[in-house]
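Enquirer: The file below is structure_36.cif, mmCIF, C-alpha atoms and all ligand atoms:
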data_target
loop_
_atom_site.label_atom_id
_atom_site.label_comp_id
_atom_site.auth_asym_id
_atom_site.auth_seq_id
_atom_site.Cartn_x
_atom_site.Cartn_y
_atom_site.Cartn_z
CA MET T 1 0.00 0.00 0.00
CA TYR T 2 1.30 3.37 -1.01
CA ARG T 3 0.30 6.72 0.49
CA ILE T 4 1.01 10.09 -1.05
CA GLY T 5 1.12 13.43 0.74
CA GLN T 6 1.76 17.03 -0.15
CA GLY T 7 3.24 19.87 1.83
CA TRP T 8 3.45 23.62 1.34
CA ASP T 9 5.28 26.28 3.32
CA ARG T 10 6.16 29.94 2.97
CA HIS T 11 8.41 32.17 5.05
CA PRO T 12 9.15 35.89 4.70
CA LEU T 13 12.70 36.74 3.65
CA GLU T 14 14.53 39.39 5.65
CA ALA T 15 17.94 41.01 5.22
CA GLY T 16 20.64 39.81 7.57
CA ARG T 17 18.90 36.57 8.56
CA GLN T 18 20.79 33.30 8.42
CA CYS T 19 19.63 31.45 5.32
CA ILE T 20 19.12 27.71 5.82
CA LEU T 21 17.09 25.69 3.32
CA GLY T 22 16.98 21.91 3.13
CA GLY T 23 19.35 21.83 6.08
CA ILE T 24 22.07 23.67 4.15
CA GLU T 25 23.32 27.15 5.00
CA PHE T 26 23.61 29.59 2.07
CA GLN T 27 26.42 31.63 3.55
CA ASP T 28 26.56 34.37 0.92
CA CYS T 29 22.83 35.01 0.74
CA PRO T 30 21.96 38.55 1.93
CA VAL T 31 18.48 37.48 3.05
CA GLY T 32 17.11 34.57 5.05
CA PRO T 33 13.75 33.14 6.06
CA VAL T 34 12.09 34.48 9.20
CA GLY T 35 10.49 31.91 11.48
CA HIS T 36 10.01 30.61 15.00
CA SER T 37 12.43 27.81 14.16
CA ASP T 38 15.30 28.33 11.73
CA GLY T 39 12.67 29.09 9.06
CA ASP T 40 13.76 26.22 6.82
CA ALA T 41 10.71 26.13 4.54
CA VAL T 42 12.09 23.13 2.61
CA CYS T 43 12.25 20.94 5.70
CA HIS T 44 8.85 22.22 6.82
CA ALA T 45 7.14 21.44 3.50
CA VAL T 46 8.71 17.97 3.35
CA THR T 47 7.70 17.34 6.98
CA ASP T 48 4.10 18.26 6.17
CA ALA T 49 4.15 16.04 3.07
CA LEU T 50 5.25 13.06 5.21
CA LEU T 51 2.70 13.76 7.92
CA GLY T 52 -0.01 14.20 5.30
CA ALA T 53 0.83 10.94 3.58
CA ALA T 54 0.53 9.08 6.89
CA ASN T 55 -2.55 11.11 7.89
CA LEU T 56 -0.83 12.27 11.07
CA GLY T 57 -1.96 15.89 11.01
CA ASP T 58 0.38 18.76 10.28
CA ILE T 59 3.63 20.30 11.41
CA GLY T 60 1.84 22.79 13.65
CA ARG T 61 0.21 19.95 15.59
CA HIS T 62 3.49 18.18 16.32
CA PHE T 63 5.82 21.18 16.57
CA PRO T 64 3.67 24.17 17.63
CA ASP T 65 5.29 27.59 17.35
CA THR T 66 3.89 28.37 20.80
CA ASP T 67 6.26 25.74 22.23
CA SER T 68 9.61 27.18 23.27
CA ARG T 69 11.22 23.77 22.63
CA TRP T 70 11.10 24.56 18.90
CA ALA T 71 12.35 28.17 19.10
CA GLY T 72 15.33 28.43 16.76
CA ALA T 73 15.04 24.70 16.14
CA ASN T 74 17.12 22.95 13.49
CA SER T 75 14.35 21.93 11.13
CA LEU T 76 16.25 18.83 10.00
CA GLU T 77 15.58 17.61 13.55
CA LEU T 78 11.86 18.25 13.07
CA LEU T 79 12.03 16.27 9.85
CA ARG T 80 13.83 13.40 11.60
CA GLU T 81 11.12 13.38 14.24
CA ALA T 82 8.43 13.29 11.53
CA VAL T 83 10.21 10.29 9.98
CA ARG T 84 10.10 8.56 13.37
CA LEU T 85 6.35 9.27 13.60
CA VAL T 86 5.75 7.94 10.09
CA GLN T 87 7.79 4.81 10.81
CA ALA T 88 5.89 4.26 14.06
CA ALA T 89 2.66 4.42 12.03
CA GLY T 90 3.97 1.55 9.88
CA PHE T 91 5.40 3.35 6.85
CA ARG T 92 8.72 3.97 5.21
CA VAL T 93 9.59 6.79 2.84
CA VAL T 94 9.85 5.88 -0.85
CA ASN T 95 10.73 9.25 -2.39
CA VAL T 96 10.30 12.98 -1.98
CA ASP T 97 10.11 15.73 -4.59
CA CYS T 98 10.10 19.42 -3.78
CA THR T 99 10.08 22.73 -5.60
CA VAL T 100 11.58 25.86 -4.05
CA ILE T 101 10.13 29.12 -5.40
CA THR T 102 12.36 32.07 -4.57
CA GLU T 103 14.49 34.85 -6.01
CA GLN T 104 17.23 34.31 -3.42
CA PRO T 105 19.23 32.29 -2.70
CA VAL T 106 20.11 30.60 -5.99
CA ILE T 107 19.34 26.97 -5.19
CA ALA T 108 21.09 25.03 -7.96
CA PRO T 109 24.68 25.19 -6.61
CA GLN T 110 23.51 23.63 -3.34
CA SER T 111 20.72 21.35 -4.53
CA ALA T 112 22.90 18.21 -4.34
CA ALA T 113 23.95 19.10 -0.79
CA MET T 114 20.30 19.70 0.11
CA GLN T 115 19.36 16.31 -1.36
CA ASP T 116 22.07 14.64 0.73
CA ALA T 117 20.98 16.38 3.93
CA LEU T 118 17.30 15.63 3.36
CA ALA T 119 18.05 12.02 2.39
CA GLY T 120 19.98 11.55 5.63
CA ALA T 121 17.02 12.75 7.67
CA LEU T 122 14.60 10.68 5.59
CA GLN T 123 16.82 7.56 5.84
CA ILE T 124 16.70 7.02 2.07
CA ALA T 125 19.24 7.26 -0.75
CA PRO T 126 19.90 10.75 -2.16
CA ASP T 127 18.64 9.68 -5.58
CA ARG T 128 15.19 9.37 -4.01
CA VAL T 129 15.16 13.04 -3.05
CA SER T 130 14.55 15.68 -5.69
CA VAL T 131 15.12 19.40 -5.05
CA LYS T 132 13.99 21.66 -7.86
CA ALA T 133 13.89 25.44 -7.96
CA THR T 134 12.09 28.13 -9.88
CA ARG T 135 11.59 31.88 -9.63
CA GLY T 136 8.51 34.06 -9.46
CA GLU T 137 9.43 35.96 -12.64
CA GLY T 138 8.61 39.25 -10.96
CA LEU T 139 5.13 38.13 -10.01
CA GLY T 140 3.66 37.77 -6.54
CA PRO T 141 5.55 37.86 -3.23
CA GLU T 142 8.12 35.31 -4.46
CA GLY T 143 8.80 37.35 -7.58
CA ARG T 144 9.23 40.51 -5.49
CA GLY T 145 11.74 38.68 -3.30
CA GLU T 146 9.55 38.95 -0.22
CA CYS T 147 9.33 35.26 0.62
CA VAL T 148 10.43 31.74 -0.10
CA THR T 149 7.69 29.22 -0.89
CA VAL T 150 8.18 25.46 -1.05
CA GLN T 151 5.93 22.72 -2.39
CA ALA T 152 6.70 19.07 -1.58
CA VAL T 153 5.29 15.65 -2.37
CA ALA T 154 6.17 12.48 -0.46
CA LEU T 155 5.38 8.85 -1.23
CA LEU T 156 5.23 6.32 1.60
CA MET T 157 4.96 2.55 1.49
CA ALA T 158 3.48 0.39 4.22
CA SER T 159 6.30 -1.50 5.93
CA GLN T 160 4.21 -4.68 5.85
CA GLY T 161 0.74 -5.87 4.89
CA ASP T 162 -1.46 -3.54 2.85
MG MG N 201 7.47 26.84 8.18
#
Write out the structure in this file as structure tokens.
Ligand code: MG
Expert:
Amino acid sequence: MYRIGQGWDRHPLEAGRQCILGGIEFQDCPVGPVGHSDGDAVCHAVTDALLGAANLGDIGRHFPDTDSRWAGANSLELLREAVRLVQAAGFRVVNVDCTVITEQPVIAPQSAAMQDALAGALQIAPDRVSVKATRGEGLGPEGRGECVTVQAVALLMASQGD
């Protein structure tokens, strides 16, 4: 039995913020995502895709931004915890695909590193993790450089039975 889930996340971009996406720091990026945690919208979207596929609710239910435990949290840790929840529910991750929509940072030079970092958290091979990027072409908040938006899809397979 396969289960599919989708995730979506958006964070404002602000000058001078540390920029971490997919667990990788973009050291030369002049802007970074604002958030209660580290603002890693890639990890958040993938986390929600996993939770959705297993019908376990959403990231806000498991990691509420009212909980000081998650203030400044490394979002790869949130993703690892989501993988534990999914495994406990009887699933394993088959593959993940995500699209990052942003003007900054430029994703391509780091996409392989992001795939490796995400694959480590997901406990799957890097060739099962896709990180794609596109720009807003001047349109909407992404095109104006105001935010980073991430869409993700995750496929799970039941560890046994149907
Ligand atoms: Mg988020």
Enquirer: Restricting the calculation to all atoms listed in the file, which member of T:Cys19, T:Ala54, T:Ala108, T:Val150 is positioned closest to ligand MG 201 (chain N)?
Expert: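 Nearest candidate to ligand MG 201 (chain N) out of T:Cys19, T:Ala54, T:Ala108, T:Val150: T:Val150.
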Enquirer: Using only C-alpha atoms, determine which residues lie at most 12 Å from Arg92 in chain T, disregarding the query and same-chain residues fewer than 4 positions distant; provide the list as a list in words.
Expert: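 Residues meeting the cut-off are Met1, Tyr2, Arg3, Ile4, Leu50, Leu51, Ala53, Ala54, Ala82, Val83, Arg84, Leu85, Val86, Gln87, Ala88, Val96, Leu122, Gln123, Ile124, Ala154, Leu155, Leu156, Met157, Ala158, Ser159 and Gln160 of chain T.
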Enquirer: Identify which of the residues T:Glu14, T:Asp40, T:Asp97, T:Glu81 lies closest to ligand MG 201 (chain N), counting all atoms listed in the file when measuring atom-to-atom distances.
Expert: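 Looking only at the distances to ligand MG 201 (chain N), the closest residue turns out to be T:Asp40.
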Enquirer: When you draw a straight line from CA of Glu146 in chain T to CA of Ser111 in chain T, how long is it in Å?
Expert: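 Atom-to-atom, CA of Glu146 in chain T and CA of Ser111 in chain T are spaced 21.3 Å apart.
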Enquirer: Report as number ranges by chain which protein, DNA and RNA residues come within 6 Å of ligand MG 201 (chain N), using all atoms listed in the file.
Expert: T: 9, 39, 41, 44
Enquirer: At what distance in Å, to one decimal, does CA of Thr102 in chain T lie from CA of Cys29 in chain T?
Expert: 12.1 Å
Enquirer: Could you give me, as a list of chain:residue names, the residues within 7 Å of Ala119 in chain T, counting only C-alpha atoms and dropping anything in the same chain fewer than 6 positions from it?
Expert: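 Once the adjacent positions are removed, what remains is T:Ala125, T:Pro126, T:Val129.
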Enquirer: Between T:Asp48, T:Asp65, T:Glu77, T:Glu137, which is the closest to Cys98 in chain T once you count all atoms listed in the file?
Expert: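 For Cys98 in chain T, the nearest of the candidates is T:Asp48.
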Enquirer: As an exercise, work out the distance from CA of Arg61 in chain T to CA of Gly120 in chain T in Å and give it to one decimal place.
Expert: 23.7 Å
Enquirer: Have a look at T:Val93, T:Leu79, T:Ala121, T:Val42 and name the one nearest to Leu21 in chain T; count all atoms listed in the file.
Expert: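 Of T:Val93, T:Leu79, T:Ala121, T:Val42, the one nearest Leu21 in chain T is T:Val42, counting all atoms listed in the file.
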Enquirer: Which one is closest to Val148 in chain T: T:Gly72, T:Val46, T:Ile101, T:Ile107? Count only C-alpha atoms.
Expert: T:Ile101
Enquirer: Looking at T:Ala133, T:Leu78, T:Gly22, T:Asp127, which one is nearest to Met114 in chain T, with distances taken over all atoms listed in the file?
Expert: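 So, comparing all the options, the nearest one is T:Gly22.
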Enquirer: Missing atoms in range 5-28 of chain T: can you complete it with N, CA, C and O atoms, as a short mmCIF file (atom, residue, chain, number, x, y, z; two decimals), keeping the file's coordinate frame?
Expert:
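Contents of rebuild_24.cif, as written:
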data_model
loop_
_atom_site.label_atom_id
_atom_site.label_comp_id
_atom_site.auth_asym_id
_atom_site.auth_seq_id
_atom_site.Cartn_x
_atom_site.Cartn_y
_atom_site.Cartn_z
N GLY T 5 1.46 12.23 -0.02
CA GLY T 5 1.12 13.43 0.74
C GLY T 5 1.79 14.64 0.14
O GLY T 5 2.83 14.54 -0.52
N GLN T 6 1.17 15.79 0.36
CA GLN T 6 1.76 17.03 -0.15
C GLN T 6 1.97 18.01 1.00
O GLN T 6 1.26 17.97 2.01
N GLY T 7 2.95 18.86 0.83
CA GLY T 7 3.24 19.87 1.83
C GLY T 7 3.52 21.20 1.17
O GLY T 7 3.99 21.24 0.01
N TRP T 8 3.26 22.27 1.88
CA TRP T 8 3.45 23.62 1.34
C TRP T 8 3.89 24.50 2.50
O TRP T 8 3.34 24.40 3.60
N ASP T 9 4.88 25.35 2.26
CA ASP T 9 5.28 26.28 3.32
C ASP T 9 5.83 27.55 2.69
O ASP T 9 6.35 27.54 1.57
N ARG T 10 5.69 28.64 3.43
CA ARG T 10 6.16 29.94 2.97
C ARG T 10 6.70 30.70 4.17
O ARG T 10 6.08 30.70 5.24
N HIS T 11 7.86 31.31 4.01
CA HIS T 11 8.41 32.17 5.05
C HIS T 11 8.85 33.50 4.45
O HIS T 11 9.40 33.51 3.33
N PRO T 12 8.64 34.60 5.18
CA PRO T 12 9.15 35.89 4.70
C PRO T 12 10.68 35.85 4.66
O PRO T 12 11.32 35.17 5.47
N LEU T 13 11.25 36.59 3.72
CA LEU T 13 12.70 36.74 3.65
C LEU T 13 13.08 38.12 4.19
O LEU T 13 12.45 39.11 3.86
N GLU T 14 14.11 38.14 5.02
CA GLU T 14 14.53 39.39 5.65
C GLU T 14 16.04 39.53 5.56
O GLU T 14 16.77 38.54 5.72
N ALA T 15 16.50 40.76 5.33
CA ALA T 15 17.94 41.01 5.22
C ALA T 15 18.64 40.67 6.53
O ALA T 15 18.12 40.92 7.62
N GLY T 16 19.82 40.07 6.40
CA GLY T 16 20.64 39.81 7.57
C GLY T 16 20.30 38.55 8.33
O GLY T 16 20.97 38.21 9.30
N ARG T 17 19.25 37.84 7.89
CA ARG T 17 18.90 36.57 8.56
C ARG T 17 19.77 35.44 8.01
O ARG T 17 20.09 35.40 6.82
N GLN T 18 20.12 34.52 8.88
CA GLN T 18 20.79 33.30 8.42
C GLN T 18 19.86 32.58 7.45
O GLN T 18 18.65 32.51 7.68
N CYS T 19 20.44 32.10 6.35
CA CYS T 19 19.63 31.45 5.32
C CYS T 19 19.92 29.96 5.29
O CYS T 19 20.97 29.53 4.80
N ILE T 20 19.00 29.17 5.83
CA ILE T 20 19.12 27.71 5.82
C ILE T 20 17.91 27.13 5.11
O ILE T 20 16.76 27.42 5.48
N LEU T 21 18.16 26.36 4.06
CA LEU T 21 17.09 25.69 3.32
C LEU T 21 17.52 24.25 3.05
O LEU T 21 18.65 24.02 2.61
N GLY T 22 16.64 23.31 3.32
CA GLY T 22 16.98 21.91 3.13
C GLY T 22 18.15 21.49 4.01
O GLY T 22 18.90 20.57 3.67
N GLY T 23 18.30 22.16 5.14
CA GLY T 23 19.35 21.83 6.08
C GLY T 23 20.72 22.38 5.72
O GLY T 23 21.70 22.13 6.43
N ILE T 24 20.79 23.14 4.63
CA ILE T 24 22.07 23.67 4.15
C ILE T 24 22.10 25.20 4.31
O ILE T 24 21.14 25.88 3.93
N GLU T 25 23.19 25.71 4.85
CA GLU T 25 23.32 27.15 5.00
C GLU T 25 23.85 27.78 3.71
O GLU T 25 24.87 27.34 3.17
N PHE T 26 23.16 28.80 3.23
CA PHE T 26 23.61 29.59 2.07
C PHE T 26 24.35 30.80 2.64
O PHE T 26 23.74 31.83 2.95
N GLN T 27 25.67 30.65 2.78
CA GLN T 27 26.42 31.63 3.55
C GLN T 27 26.48 33.01 2.91
O GLN T 27 26.60 34.02 3.60
N ASP T 28 26.42 33.08 1.59
CA ASP T 28 26.56 34.37 0.92
C ASP T 28 25.23 35.04 0.61
O ASP T 28 25.20 36.08 -0.03
#
